[in-house]
Each structure stands twice: as structure tokens, then as C-alpha cells.
file upload-v6.txt (compact mmCIF, C-alpha atoms)
# COMPACT_ATOMS: atom_id res chain seq x y z
CA MET A 1 0.00 0.00 0.00
CA SER A 2 1.33 3.46 -0.82
CA LEU A 3 0.19 6.93 0.10
CA GLU A 4 -0.12 9.67 -2.47
CA GLU A 5 -0.06 13.38 -1.76
CA ARG A 6 -2.78 15.29 -3.62
CA SER A 7 -3.58 18.96 -3.77
CA TYR A 8 -7.19 20.08 -3.71
CA GLY A 9 -9.20 23.29 -3.82
CA VAL A 10 -9.71 25.68 -6.71
CA GLY A 11 -7.17 25.51 -9.53
CA LEU A 12 -6.77 27.13 -12.92
CA LYS A 13 -4.43 25.85 -15.61
CA PHE A 14 -4.01 27.65 -18.90
CA VAL A 15 -1.67 27.48 -21.88
CA PRO A 16 -1.55 30.56 -24.13
CA THR A 17 -0.17 30.49 -27.68
CA VAL A 18 0.36 33.73 -29.60
CA LEU A 19 -0.84 33.48 -33.21
CA ASP A 20 -0.56 35.97 -36.09
CA ASN A 21 -2.32 39.37 -36.11
CA GLY A 22 -2.48 39.58 -32.31
CA ARG A 23 -4.72 36.54 -31.91
CA ILE A 24 -4.21 34.28 -28.91
CA SER A 25 -5.07 30.58 -28.70
CA LEU A 26 -5.86 29.83 -25.07
CA LYS A 27 -6.41 26.42 -23.48
CA VAL A 28 -8.19 26.95 -20.15
CA ALA A 29 -8.87 24.21 -17.58
CA PRO A 30 -10.44 25.29 -14.25
CA GLU A 31 -10.92 22.63 -11.56
CA VAL A 32 -12.62 22.44 -8.17
CA SER A 33 -11.88 19.54 -5.83
CA GLU A 34 -12.64 18.93 -2.18
CA LEU A 35 -12.36 16.20 0.43
CA SER A 36 -15.46 14.08 0.52
CA GLN A 37 -17.29 13.53 3.79
CA GLU A 38 -17.82 9.90 2.83
CA ALA A 39 -14.81 7.67 3.41
CA VAL A 40 -13.75 4.87 1.10
CA THR A 41 -12.89 1.53 2.69
CA ALA A 42 -10.17 -0.56 1.13
CA SER A 43 -8.98 -4.04 2.04
CA VAL A 44 -5.24 -4.58 2.15
CA VAL A 45 -3.92 -8.08 1.71
CA ASN A 46 -0.42 -8.84 2.96
CA SER A 47 1.04 -12.26 2.41
CA THR A 48 4.38 -13.11 3.94
CA THR A 49 4.21 -16.76 3.05
CA GLU A 50 2.04 -18.77 0.72
CA ASN A 51 0.07 -20.32 3.58
CA SER A 52 -0.76 -17.20 5.65
CA VAL A 53 -2.69 -14.18 4.44
CA ASN A 54 -3.27 -11.15 6.70
CA LYS A 55 -6.22 -8.90 5.91
CA ALA A 56 -6.67 -5.36 7.21
CA THR A 57 -9.38 -2.82 6.45
CA THR A 58 -8.37 0.82 6.12
CA THR A 59 -10.52 3.92 5.76
CA MET A 60 -9.11 6.55 3.40
CA PRO A 61 -10.45 9.96 2.39
CA SER A 62 -11.84 10.44 -1.08
CA PHE A 63 -12.06 13.47 -3.34
CA LYS A 64 -14.90 15.04 -5.31
CA THR A 65 -13.58 16.77 -8.41
CA SER A 66 -15.30 18.92 -11.03
CA ASN A 67 -13.36 20.19 -14.02
CA VAL A 68 -13.85 21.61 -17.47
CA SER A 69 -11.44 22.25 -20.32
CA THR A 70 -11.78 24.36 -23.45
CA THR A 71 -9.62 25.95 -26.12
CA VAL A 72 -10.55 29.31 -27.62
CA GLN A 73 -9.02 31.86 -29.98
CA MET A 74 -9.29 35.45 -28.84
CA ARG A 75 -7.93 38.86 -29.64
CA GLU A 76 -5.99 40.84 -27.06
CA GLY A 77 -8.31 42.50 -24.55
CA GLU A 78 -11.33 40.26 -25.21
CA SER A 79 -12.84 38.45 -22.23
CA LEU A 80 -13.72 34.79 -21.74
CA VAL A 81 -16.20 33.71 -19.06
CA ILE A 82 -16.55 30.07 -18.00
CA GLY A 83 -19.19 29.05 -15.48
CA GLY A 84 -21.03 25.98 -14.37
CA LEU A 85 -18.63 24.35 -11.90
CA LEU A 86 -21.15 23.72 -9.12
CA ARG A 87 -20.66 22.44 -5.61
CA ASP A 88 -23.60 21.35 -3.46
CA ASN A 89 -23.05 20.71 0.24
CA ILE A 90 -26.06 19.32 2.10
CA VAL A 91 -25.82 18.50 5.80
CA GLU A 92 -28.63 17.06 7.89
CA THR A 93 -28.15 16.73 11.63
CA VAL A 94 -30.54 14.96 14.01
CA ASN A 95 -30.10 15.31 17.78
CA ALA A 96 -32.23 13.09 20.00
CA VAL A 97 -32.50 11.97 23.59
CA PRO A 98 -31.51 8.28 23.66
CA LEU A 99 -34.50 5.92 23.56
CA LEU A 100 -37.08 8.73 23.99
CA GLY A 101 -36.26 10.21 20.58
CA GLU A 102 -37.08 6.86 18.96
CA LEU A 103 -40.67 6.62 20.26
CA PRO A 104 -43.21 6.55 17.39
CA ILE A 105 -45.40 9.59 18.19
CA LEU A 106 -43.87 11.30 21.23
CA GLY A 107 -40.31 10.91 19.87
CA ALA A 108 -40.62 14.19 17.92
CA LEU A 109 -40.76 16.04 21.26
CA PHE A 110 -37.36 14.62 22.24
CA ARG A 111 -35.42 15.26 19.04
CA SER A 112 -34.42 18.16 16.84
CA SER A 113 -33.23 18.19 13.25
CA GLU A 114 -31.24 20.73 11.30
CA PHE A 115 -30.93 20.90 7.51
CA LEU A 116 -28.23 23.03 5.89
CA SER A 117 -27.84 23.41 2.14
CA LYS A 118 -25.01 25.40 0.56
CA ARG A 119 -24.56 25.84 -3.18
CA THR A 120 -21.48 27.42 -4.74
CA GLU A 121 -20.75 28.14 -8.40
CA LEU A 122 -17.29 28.94 -9.72
CA VAL A 123 -17.11 31.52 -12.52
CA VAL A 124 -13.76 32.08 -14.25
CA MET A 125 -13.09 35.26 -16.21
CA VAL A 126 -9.96 35.45 -18.37
CA ARG A 127 -8.69 38.49 -20.29
CA PRO A 128 -5.42 37.88 -22.17
CA THR A 129 -3.00 40.75 -22.66
CA LEU A 130 0.13 40.71 -24.79
CA VAL A 131 3.16 42.17 -23.05
CA LYS A 132 5.42 44.26 -25.22
CA GLY A 133 9.17 43.88 -24.76
CA SER A 134 11.38 46.84 -23.90
CA ARG A 135 15.09 47.49 -24.31
CA ASP A 136 15.21 49.56 -21.12
CA PRO A 137 15.64 47.57 -17.91
CA VAL A 138 12.52 47.45 -15.81
CA PRO A 139 12.97 49.13 -12.42
CA LEU A 140 12.56 46.68 -9.56
CA PRO A 141 11.01 47.55 -6.18
CA THR A 142 14.31 46.62 -4.55
CA ASP A 143 16.27 49.21 -6.59
CA ALA A 144 15.21 52.00 -4.22
CA PHE A 145 15.86 49.97 -1.04
CA VAL A 146 18.26 51.54 1.41
CA ALA A 147 19.57 49.33 4.20
CA PRO A 148 19.08 50.83 7.66
CA SER A 149 22.05 51.92 9.71
CA ARG A 150 22.78 50.05 12.93
CA SER A 151 21.20 52.79 15.03
CA GLU A 152 18.07 52.90 12.82
CA PHE A 153 17.71 49.12 13.01
CA PHE A 154 18.48 48.50 16.70
CA LEU A 155 17.32 51.73 18.37
CA GLU A 156 14.40 52.79 16.15
CA GLY A 157 13.33 49.33 14.92
CA LYS A 158 13.31 50.38 11.25
CA LEU A 159 13.75 47.80 8.50
CA GLU A 160 14.59 50.38 5.85
CA GLY A 161 16.93 53.36 6.01
CA ARG A 162 16.40 56.94 4.89
CA PRO A 163 17.27 57.68 1.26
CA PRO A 164 20.21 60.04 0.87
CA SER A 165 19.15 63.68 0.58
CA PRO A 166 19.82 65.26 -2.82
CA ARG A 167 22.83 67.61 -2.91
CA PHE A 168 22.57 70.82 -4.81
CA VAL A 169 25.68 71.99 -6.62
CA ASP A 170 25.99 75.64 -7.76
call {"tool": "encode", "arguments": {"input": "upload-v6.txt", "output": "C-alpha cells"}}
result
Amino acid sequence: MSLEERSYGVGLKFVPTVLDNGRISLKVAPEVSELSQEAVTASVVNSTTENSVNKATTTMPSFKTSNVSTTVQMREGESLVIGGLLRDNIVETVNAVPLLGELPILGALFRSSEFLSKRTELVVMVRPTLVKGSRDPVPLPTDAFVAPSRSEFFLEGKLEGRPPSPRFVD
């Protein structure tokens, strides 16, 4: 038996391909997965010798997955909307006093029930934009960083120093 690590939640995979005249071919694949409340039971058979077989039953979590995939051709700035990935969570809880809650007619007085329904729909909106190259280097946020002096760091608790003041030359 082996364990497998799986990621779950909301995911979006896309592969853009730039075509001629500013068109973009875009493969989009959104996915929603969650842990299921119902467990899956698997039987594991271990045999050390031909005559003895050990059986064990293990309960493992399962996943509910909804996904869709499409490929479209778009122009820069156009929008694509994909919807329809639905998730329905229904929970029903019954609380009862032992034995009294099971009585045929009077049992309703000794129990309470709660019904909770939650419906979620995932809508994905994609708007591709072509990025133009530049010969000038792009300024980074760290270009303007000034390390604090020891006194600024230890005495004032600052993580960034003061930029040098501009000097005017006549």
C-alpha cells in the first residue's frame, strides 16, 4: 500500500499560444476539488508466506472533483467567461434523547433536526494581454531599497533606512 499526496481546492491551468495578427489561442482548464465527507474503505492483503494471508481494512479519504477544459481563440483584450462548476453541500443533523427520541409519536418532542444546504458556483473570467518587450531595464522595487544603519535598526526598529538627501551643486 502506498500513500499519495494530492492537492485540492480551486485551480486554474491555462496554456496561451500567440498566433498571427495579435490573436491568442488559449487552453483553459479550471478545476474544483474537495475532500469528501464519505470515506472509502479498502482491504489490504499482505502475504508473507504462501500459507498465511493477513487482511486489514483501512478507511481513506476520497475526493470530489469537477473540471472543465476548453480551447478558444481570442484577440488581445477580449474576455472569456466560463461558469457551471457547481458544488452542493447538504448537511442534515438529528439530535435526540436516547430511547425517547425513537418513540413513534412522542419521539418528535425529544429530538431536533437541522438541515443546511449550501450551493457554490465557480465563474472564471480570463482576459489575455500581450506584453510588449522593452530594451530599457525594468525598475525593480528593490532598486530604491536603502539598508538601515545600525542605530536605525536597533534603536528605532526600522527595516529600511532613509534615502540620501539630494545635494545641490551651484
call {"tool": "closest_residue", "arguments": {"input": "upload-v6.txt", "among": "A:Lys13, A:Lys64, A:Arg75, A:Lys27", "to": "Leu130 (chain A)", "atoms": "all atoms listed in the file"}}
result
A:Arg75
call {"tool": "atom_distance", "arguments": {"input": "upload-v6.txt", "atom1": "CA of Gly9 (chain A)", "atom2": "CA of Asn67 (chain A)"}}
result
11.4 Å
call {"tool": "atom_distance", "arguments": {"input": "upload-v6.txt", "atom1": "CA of Arg119 (chain A)", "atom2": "CA of Val32 (chain A)"}}
result
13.4 Å
call {"tool": "atom_distance", "arguments": {"input": "upload-v6.txt", "atom1": "CA of Glu114 (chain A)", "atom2": "CA of Ser36 (chain A)"}}
result
20.2 Å
call {"tool": "closest_residue", "arguments": {"input": "upload-v6.txt", "among": "A:Arg162, A:Pro16, A:Gly157, A:Thr129", "to": "Phe145 (chain A)", "atoms": "all atoms listed in the file"}}
result
A:Arg162
call {"tool": "residues_around", "arguments": {"input": "upload-v6.txt", "residues": "Val97 (chain A)", "least_positions_apart": "5", "cutoff": "12 Å", "atoms": "all atoms listed in the file", "output": "ChimeraX atom specification"}}
result
/A:102-103,106-112
call {"tool": "closest_residue", "arguments": {"input": "upload-v6.txt", "among": "A:Arg87, A:Val131, A:Leu26, A:Val81", "to": "Val10 (chain A)", "atoms": "all atoms listed in the file"}}
result
A:Arg87
call {"tool": "residues_near_point", "arguments": {"input": "upload-v6.txt", "point": "(-4.6, 43.9, -24.6)", "cutoff": "12 Å", "atoms": "all atoms listed in the file", "output": "PyMOL selection string"}}
result
chain A and resi 22-24+74-79+126-132
call {"tool": "residues_near_point", "arguments": {"input": "upload-v6.txt", "point": "(-11.1, 27.1, -25.4)", "cutoff": "10 Å", "atoms": "only C-alpha atoms", "output": "list in words"}}
result
Phe14, Ser25, Leu26, Lys27, Val28, Ala29, Ser69, Thr70, Thr71, Val72, Gln73, Met74, Leu80 and Ile82 of chain A
